[in-house]
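S.K.: Below you will find the structure I want to go over with you.
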Amino acid sequence: MRVSEGCIVAKKQEKKTNAVREIERTGMPYEFHSFEGAEGKSGVEIAQMRGEDPDLVFKTLVTVGHSGEHYVFMVPVAEELDLKKAAAFVGEKSVHMIKSKELLPLTGYVHGGCSPLGMKKQFVTTIDESAELYDEIMFSAGRVGAQIQTTLEALQAAIPVGVADLTAR
């Protein structure tokens, strides 16, 4: 899979999400993918349904640290976030996942459609180092059933993103 120069938008007219607006602001190439039937499915199931490698599809996880600060971590959909590694990377004593009901008011996104781009407030964001292995990665475009495909560099042009070993391997 290779992102072509410029923006490629789905064939039918889609309402742009905040995440799409953010990536477009950079001028970096990306592809927008929209699909049906994602509700209630895991990231791995969606990747398999779409014929994508689950290792290059990243989920966006929102945590809160011991200090009360919020952090965003991105890991491959088939992997689990190692909370101890995550906390150490951001200099916290500990971090834990926020409750699902807190996600929408905090980020503006729902569970299964949370993107690191276009949140109500930009939080410290870190992606698993495995993202560096791929020419392109995919992540939520800000709603269930929508993904952005782009480079790690394009994501980092849109928002500050650290890179660290975050998975429980």
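Chain labels A, B, ... are given in the sequence in which chains occur in the structure tokens; within each chain residues are numbered consecutively from 1, and ligands are likewise numbered from 1 in the order shown.
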Write out as JSON, numbers by chain the set of residues from chain A that DSSP, computed on the backbone, places in alpha helix (DSSP H).
M.R.: {"A": [18, 19, 20, 21, 22, 23, 24, 25, 26, 43, 44, 45, 46, 47, 48, 49, 50, 83, 84, 85, 86, 87, 88, 89, 90, 100, 101, 102, 103, 104, 105, 106, 107, 152, 153, 154, 155, 156, 157, 158]}
S.K.: What parts of stretch 118-163 of chain A does DSSP call strand (DSSP E or B)? I'd like the answer as a compact mmCIF listing (two decimals) with C-alpha atoms, in the first residue's frame.
M.R.:
# COMPACT_ATOMS: atom_id res chain seq x y z
CA VAL A 124 0.91 14.45 24.83
CA THR A 125 0.79 11.72 22.19
CA THR A 126 3.12 8.75 21.75
CA ILE A 127 3.08 5.98 19.15
CA ASP A 128 4.63 2.53 19.44
CA ILE A 137 0.29 3.51 8.97
CA MET A 138 -3.46 3.70 9.49
CA PHE A 139 -5.47 5.11 12.38
CA SER A 140 -8.98 6.35 13.07
CA ALA A 146 -13.28 5.76 8.92
CA GLN A 147 -9.49 5.57 8.76
CA ILE A 148 -6.62 7.75 7.65
CA GLN A 149 -3.71 6.11 5.85
CA THR A 150 -0.53 8.16 5.84
CA VAL A 161 4.12 12.56 18.42
CA GLY A 162 6.78 10.79 20.44
CA VAL A 163 7.96 7.28 19.58
S.K.: Counting only C-alpha atoms, which of A:Ile46, A:Val72, A:Leu117, A:Val64 gets nearest to A:Glu92?
M.R.: A:Val64
S.K.: With distances taken over only C-alpha atoms, which of A:Gly51, A:Gly43, A:Pro76, A:Gly108 is nearest to A:Asn18?
M.R.: A:Gly108
S.K.: Considering only C-alpha atoms, return as number ranges by chain whatever protein or nucleic-acid residues lie within 8 Å of A:Thr107, sequence-local ones (same chain, fewer than 6 positions apart) excluded.
M.R.: A: 114, 119-121
S.K.: Selected residues, C-alpha atoms, written as a PDB file, in the first residue's frame, please.
M.R.:
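The resulting file, result-v5.pdb, is reproduced below:
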ATOM      1  CA  CYS A 114     -11.042   8.108  18.568  1.00  0.00           C
ATOM      2  CA  MET A 119      -9.248  16.208  19.755  1.00  0.00           C
ATOM      3  CA  LYS A 120     -10.861  19.007  21.781  1.00  0.00           C
ATOM      4  CA  LYS A 121      -7.472  19.508  23.444  1.00  0.00           C
TER       5      LYS A 121
END
S.K.: Nearest to A:Met49 among A:Thr151, A:Tyr109, A:Met97, A:Gly145, with distances taken over only C-alpha atoms: which residue is it?
M.R.: A:Gly145
S.K.: Quote the spacing between atom CA of A:Ile98 and atom CA of A:Thr63 in Å to one decimal place.
M.R.: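 Pair atom CA of A:Ile98 / atom CA of A:Thr63 returns 5.2 Å.
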S.K.: Taking only C-alpha atoms into account, name the residue in A:Thr167, A:Ile159, A:Val95, A:Ala154 that is nearest to A:Pro29.
M.R.: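 Of A:Thr167, A:Ile159, A:Val95, A:Ala154, the one nearest A:Pro29, counting only C-alpha atoms, is A:Ala154.
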S.K.: Return the single residue from A:Val110, A:Ala47, A:Val144, A:Leu166 that is closest to A:Met74, with distances computed using only C-alpha atoms.
M.R.: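 Going through A:Val110, A:Ala47, A:Val144, A:Leu166 one by one, the smallest distance to A:Met74 is for A:Leu166.
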S.K.: Please indicate the distance in Å from atom CA of A:Gly112 to atom CA of A:Arg143, rounded to one decimal place.
M.R.: 7.3 Å
S.K.: Let me make sure I understand: among A:Leu152, A:Tyr71, A:Ala158, A:Tyr134, which one has the smallest atom-to-atom distance to A:Gly118 if we use only C-alpha atoms?
M.R.: A:Ala158
